[in-house]
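The structure appears below as structure tokens.
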Amino acid sequence: YSFCTLLNSINKMTTAEERKATSEDYYFDPNARFSAHETLIKDRVRQQAYSGSIWFNKDQFKGKTVLIVGCGLGLLAMQAAKEGGAKVVIGLDTSKIVEKAREVAEENNLGDVCTFVQGDLTDGKTDLPIGDGAVDIIICEWVGHLLVNDSIIKQLIAARDRYLNKNDGTIIPNSASLHLTSCADRQYKQRSLNYWDNVYGFRMLPMKKLVLECPIVSAVSPHQIISTTATLITLDAMTMTEDDVNFTVPYRVSSTSNHSEIHYFIMHVTLYFKKTGWEGFTMYTSPSNTVTNYQQTCFALQEDLPVNKHDMIEGEVTFKPEKEKCKISIKVNLDTKVHKTSYVQDFEFC
């Protein structure tokens with residue numbers, strides 16, 4: 001099957017219930033829009049990492065029971081069945097998109113292997129059609145733009161603790177890291193702030209505050225990076241708990257440029273698909289790598305930081321994920337002959 005076949009199948013299949021659906025249905029269930037899944041499938045770097053973990057580890061999948069948490073359109077479920085040779089594949093998603101996944105699997109003659117369930121394992125009401133501890137492999141894209149901001153982490157933990165084989169079960173990806181670096185982009189920052197001075201003849205100055213409170217997801221040019229990179233935290237999918245997504249960690253980066261200014265802190269993630277005996281993969285999302293759906297997350301600093309080469313910028317980063325957003329506080333310390341400052345800036349990432 002091809003990507004075009006997959007999309008054509010989705011476009012052709014419309015149930016009576018879906019024909020009655022209104023914009024409200026899709027507003028409150030945005031993951032039911034196939035465009036959201038199309039974007040992910042078209043991300044070749046992401047798809048190669050997940051698909052490669054199946055294709056190059058067929059011996060690990062053959063005859064196994066596989067659970068896809070956050071299955072979406074079911075592409076990975078079908079790959080686990082057809083290319084990996086899994087005996088049983090269960091796709092789980094909170095969205096009605098599972099209806100399409102089920103139909104697509106049937107069209108590709110994989111309906112006897114792939115089963116799809118709509119539900120939320122954290123609500124205490126959803127059960128999967130397998131026994132506890134019966135899953136050999138869980139595939140779950142549990143990593144958000146900021147590593148811990150995706151609510152699916154709770155789903156993964158619930159699935160792992162109840163259904164994963166405690167002896168030799170595996171989670172893909174098995175771990176991930178969050179990194180921090182900095183960039184110079186005065187022009188973009190000023191344009192973002194100054195835009196609100198005159199919006200079709202109206203002043204919207206309160207919006208300037210939001211520019212400094214709301215991180216944006218964007219592709220940053222590697223030429224704009226002017227510091228080293230610090231790894232903030234690494235989470236292991238096999239052992240992490242819900243408490244681990246709330247953390248405060250120190251950071252320390254060194255300027256790599258003379259006579260420059262830091263205007264943004266940049267965060268990005270690295271995903272690891274590695275286990276002893278498996279063919280391993282690493283998915284990088286830094287500015288120096290191929291752009292992915294993750295891109296990078298940019299934090300506009302309330303105070304520009306003038307730096308020279310080897311100047312140290314240090315502080316702390318605090319994460320407090322909530323249901324609809326993630327609260328982040330960044331403490332900034334800079335003490336050089338040119339500039340001295342220390343402050344805490346709060347952000348909300350939705």
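Naming scheme: A, B, ... for chains in displayed order of the structure tokens; residues 1 onward per chain; ligands 1 onward as shown.
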How would you write, as a PDB file with N, CA and C atoms, in the first residue's frame, the set of residues in segment 138-304 of chain A that DSSP gives as alpha helix (DSSP H)?
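Saved the output as selection-v8.pdb:
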ATOM      1  N   ILE A 152      -0.389  12.292  26.155  1.00  0.00           N
ATOM      2  CA  ILE A 152      -0.367  10.856  25.854  1.00  0.00           C
ATOM      3  C   ILE A 152       0.621  10.112  26.745  1.00  0.00           C
ATOM      4  N   ILE A 153       1.514  10.844  27.423  1.00  0.00           N
ATOM      5  CA  ILE A 153       2.440  10.192  28.353  1.00  0.00           C
ATOM      6  C   ILE A 153       1.661   9.415  29.414  1.00  0.00           C
ATOM      7  N   LYS A 154       0.576   9.991  29.901  1.00  0.00           N
ATOM      8  CA  LYS A 154      -0.231   9.299  30.909  1.00  0.00           C
ATOM      9  C   LYS A 154      -0.855   8.031  30.337  1.00  0.00           C
ATOM     10  N   GLN A 155      -1.263   8.097  29.064  1.00  0.00           N
ATOM     11  CA  GLN A 155      -1.813   6.918  28.409  1.00  0.00           C
ATOM     12  C   GLN A 155      -0.758   5.820  28.315  1.00  0.00           C
ATOM     13  N   LEU A 156       0.454   6.232  27.932  1.00  0.00           N
ATOM     14  CA  LEU A 156       1.532   5.256  27.797  1.00  0.00           C
ATOM     15  C   LEU A 156       1.846   4.592  29.129  1.00  0.00           C
ATOM     16  N   ILE A 157       1.934   5.376  30.184  1.00  0.00           N
ATOM     17  CA  ILE A 157       2.249   4.830  31.503  1.00  0.00           C
ATOM     18  C   ILE A 157       1.169   3.832  31.941  1.00  0.00           C
ATOM     19  N   ALA A 158      -0.100   4.194  31.697  1.00  0.00           N
ATOM     20  CA  ALA A 158      -1.205   3.301  32.051  1.00  0.00           C
ATOM     21  C   ALA A 158      -1.135   2.000  31.248  1.00  0.00           C
ATOM     22  N   ALA A 159      -0.833   2.119  29.950  1.00  0.00           N
ATOM     23  CA  ALA A 159      -0.722   0.934  29.094  1.00  0.00           C
ATOM     24  C   ALA A 159       0.460   0.071  29.519  1.00  0.00           C
ATOM     25  N   ARG A 160       1.582   0.705  29.792  1.00  0.00           N
ATOM     26  CA  ARG A 160       2.792  -0.026  30.205  1.00  0.00           C
ATOM     27  C   ARG A 160       2.563  -0.786  31.504  1.00  0.00           C
ATOM     28  N   ASP A 161       2.010  -0.098  32.492  1.00  0.00           N
ATOM     29  CA  ASP A 161       1.863  -0.706  33.808  1.00  0.00           C
ATOM     30  C   ASP A 161       0.864  -1.855  33.830  1.00  0.00           C
ATOM     31  N   ARG A 162      -0.112  -1.813  32.926  1.00  0.00           N
ATOM     32  CA  ARG A 162      -1.126  -2.873  32.936  1.00  0.00           C
ATOM     33  C   ARG A 162      -0.872  -3.966  31.888  1.00  0.00           C
ATOM     34  N   TYR A 163      -0.500  -3.572  30.684  1.00  0.00           N
ATOM     35  CA  TYR A 163      -0.501  -4.540  29.588  1.00  0.00           C
ATOM     36  C   TYR A 163       0.874  -5.025  29.132  1.00  0.00           C
ATOM     37  N   ARG A 186      17.265  39.313  16.142  1.00  0.00           N
ATOM     38  CA  ARG A 186      16.689  40.601  16.560  1.00  0.00           C
ATOM     39  C   ARG A 186      15.545  41.012  15.638  1.00  0.00           C
ATOM     40  N   GLN A 187      15.740  40.848  14.340  1.00  0.00           N
ATOM     41  CA  GLN A 187      14.744  41.298  13.376  1.00  0.00           C
ATOM     42  C   GLN A 187      13.396  40.621  13.603  1.00  0.00           C
ATOM     43  N   TYR A 188      13.413  39.297  13.761  1.00  0.00           N
ATOM     44  CA  TYR A 188      12.156  38.581  13.960  1.00  0.00           C
ATOM     45  C   TYR A 188      11.499  38.971  15.278  1.00  0.00           C
ATOM     46  N   LYS A 189      12.305  39.106  16.317  1.00  0.00           N
ATOM     47  CA  LYS A 189      11.747  39.460  17.621  1.00  0.00           C
ATOM     48  C   LYS A 189      11.114  40.843  17.588  1.00  0.00           C
ATOM     49  N   GLN A 190      11.804  41.789  17.002  1.00  0.00           N
ATOM     50  CA  GLN A 190      11.264  43.143  16.931  1.00  0.00           C
ATOM     51  C   GLN A 190      10.015  43.192  16.069  1.00  0.00           C
ATOM     52  N   ARG A 191      10.028  42.440  14.981  1.00  0.00           N
ATOM     53  CA  ARG A 191       8.848  42.397  14.115  1.00  0.00           C
ATOM     54  C   ARG A 191       7.662  41.802  14.849  1.00  0.00           C
ATOM     55  N   SER A 192       7.896  40.778  15.650  1.00  0.00           N
ATOM     56  CA  SER A 192       6.816  40.143  16.420  1.00  0.00           C
ATOM     57  C   SER A 192       6.218  41.101  17.437  1.00  0.00           C
ATOM     58  N   LEU A 193       7.070  41.918  18.050  1.00  0.00           N
ATOM     59  CA  LEU A 193       6.603  42.872  19.056  1.00  0.00           C
ATOM     60  C   LEU A 193       5.974  44.107  18.424  1.00  0.00           C
ATOM     61  N   ASN A 194       6.638  44.663  17.420  1.00  0.00           N
ATOM     62  CA  ASN A 194       6.182  45.925  16.835  1.00  0.00           C
ATOM     63  C   ASN A 194       4.910  45.786  16.019  1.00  0.00           C
ATOM     64  N   PRO A 206      -1.433  45.213  24.594  1.00  0.00           N
ATOM     65  CA  PRO A 206      -1.451  44.064  25.519  1.00  0.00           C
ATOM     66  C   PRO A 206      -0.951  42.763  24.879  1.00  0.00           C
ATOM     67  N   MET A 207      -1.030  42.684  23.542  1.00  0.00           N
ATOM     68  CA  MET A 207      -0.575  41.473  22.878  1.00  0.00           C
ATOM     69  C   MET A 207       0.937  41.312  22.946  1.00  0.00           C
ATOM     70  N   LYS A 208       1.657  42.407  23.152  1.00  0.00           N
ATOM     71  CA  LYS A 208       3.117  42.306  23.248  1.00  0.00           C
ATOM     72  C   LYS A 208       3.533  41.431  24.424  1.00  0.00           C
ATOM     73  N   LYS A 209       2.736  41.475  25.475  1.00  0.00           N
ATOM     74  CA  LYS A 209       3.029  40.660  26.643  1.00  0.00           C
ATOM     75  C   LYS A 209       2.960  39.177  26.293  1.00  0.00           C
ATOM     76  N   LEU A 210       1.986  38.828  25.441  1.00  0.00           N
ATOM     77  CA  LEU A 210       1.832  37.428  25.056  1.00  0.00           C
ATOM     78  C   LEU A 210       3.005  36.938  24.211  1.00  0.00           C
ATOM     79  N   VAL A 211       3.599  37.832  23.425  1.00  0.00           N
ATOM     80  CA  VAL A 211       4.763  37.454  22.624  1.00  0.00           C
ATOM     81  C   VAL A 211       5.878  36.941  23.528  1.00  0.00           C
TER      82      VAL A 211
END
ask   = If we count only C-alpha atoms, what is near Pro306 of chain A at a cut-off of 8 Å, once residues fewer than 5 positions away on the same chain are taken out, given as number ranges by chain?
value = A: 259-262, 338-339
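The two atoms in question, atom CA of Gln296 of chain A and atom CA of Glu322 of chain A, are spaced 20.6 Å apart.
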request  = Skip Glu279 of chain A itself and residues of its chain fewer than 3 positions away, then list as a VMD selection string all residues within 12 Å of it, counting only C-alpha atoms.
outcome  = chain A and resid 49 to 60 272 to 276 282
inquiry  = Could you check the closest approach to Met267 of chain A for each of A:Val344, A:Cys350, A:Cys326, A:Leu180 and tell me which residue wins, using only C-alpha atoms?
reply    =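 Distance minimum relative to Met267 of chain A lands on A:Leu180.
For the choices A:Cys71, A:Leu164, A:Leu212, A:Ile226, the atom-to-atom distance to Glu99 of chain A is smallest for A:Cys71 when using only C-alpha atoms.
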ask   = Do you know which residues are at most 9 Å from Ile225 of chain A counting only C-alpha atoms, after dropping those on the same chain fewer than 4 positions away, and could you put them as a count of residues only?
value = 9
task = Can you work out which one of A:Thr170, A:Thr241, A:Asn149, A:Thr318 has the shortest atom-to-atom distance to Ile137 of chain A, counting only C-alpha atoms?
result =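 Ranked by minimum distance to Ile137 of chain A, first place goes to A:Thr170.
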message = Taking only segment 85-288 of chain A into account, list the residues labelled strand (DSSP E) by DSSP (computed from the backbone), as an MDAnalysis selection string.
response = chainID A and resid 88:93 114:118 137:140 170:172 175:183 216:218 230:236 247:254 260:273 281:284
key: One-decimal distance in Å that lies between atom CA of Pro215 of chain A and atom CA of Phe247 of chain A   =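 About the pair atom CA of Phe247 of chain A and atom CA of Pro215 of chain A: they are 18.5 Å apart.
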task = Within 10 Å of Ala134 of chain A, counting only C-alpha atoms, which residues show up once you throw out same-chain ones fewer than 4 positions away? Write them as a PyMOL selection string, please.
result = chain A and resi 64-67+130+162-166+169
Using C-alpha atoms, can you write the selected residues to a file as an mmCIF file, in the first residue's frame?
data_model
loop_
_atom_site.group_PDB
_atom_site.id
_atom_site.type_symbol
_atom_site.label_atom_id
_atom_site.label_comp_id
_atom_site.auth_asym_id
_atom_site.auth_seq_id
_atom_site.Cartn_x
_atom_site.Cartn_y
_atom_site.Cartn_z
ATOM 1 C CA LYS A 64 4.400 -10.928 18.857
ATOM 2 C CA THR A 65 1.539 -8.902 20.338
ATOM 3 C CA VAL A 66 1.944 -5.198 19.613
ATOM 4 C CA LEU A 67 0.043 -2.232 21.059
ATOM 5 C CA ILE A 130 -6.047 -8.758 25.644
ATOM 6 C CA ARG A 162 -1.126 -2.873 32.936
ATOM 7 C CA TYR A 163 -0.501 -4.540 29.588
ATOM 8 C CA LEU A 164 3.254 -4.702 28.901
ATOM 9 C CA ASN A 165 5.079 -7.964 29.556
ATOM 10 C CA LYS A 166 7.063 -7.295 32.729
ATOM 11 C CA GLY A 169 8.480 -6.050 27.045
#
Exercise: Lys327 of chain A partners within 7 Å, only C-alpha atoms, chain neighbours under 5 positions left out, as a list in words =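 Skipping anything fewer than 5 positions along the chain leaves Phe319, Lys320, Pro321, Phe347, Glu348 and Phe349 of chain A.
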Two-atom distance - atom CA of Met78 of chain A, atom CA of Ala105 of chain A (Å) =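 We find that atom CA of Met78 of chain A and atom CA of Ala105 of chain A lie 6.7 Å from each other.
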key: Given only C-alpha atoms as the counted atoms, nearest of A:Met312, A:Val45, A:Leu40, A:Ile328 to Glu213 of chain A   =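 Comparing A:Met312, A:Val45, A:Leu40, A:Ile328 against Glu213 of chain A, the winner is A:Ile328.
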query = Pick from A:Leu92, A:Phe299, A:Glu103, A:His268: nearest to His145 of chain A, with only C-alpha atoms counted?
reply =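 Among A:Leu92, A:Phe299, A:Glu103, A:His268, it is A:His268 that comes nearest to His145 of chain A.
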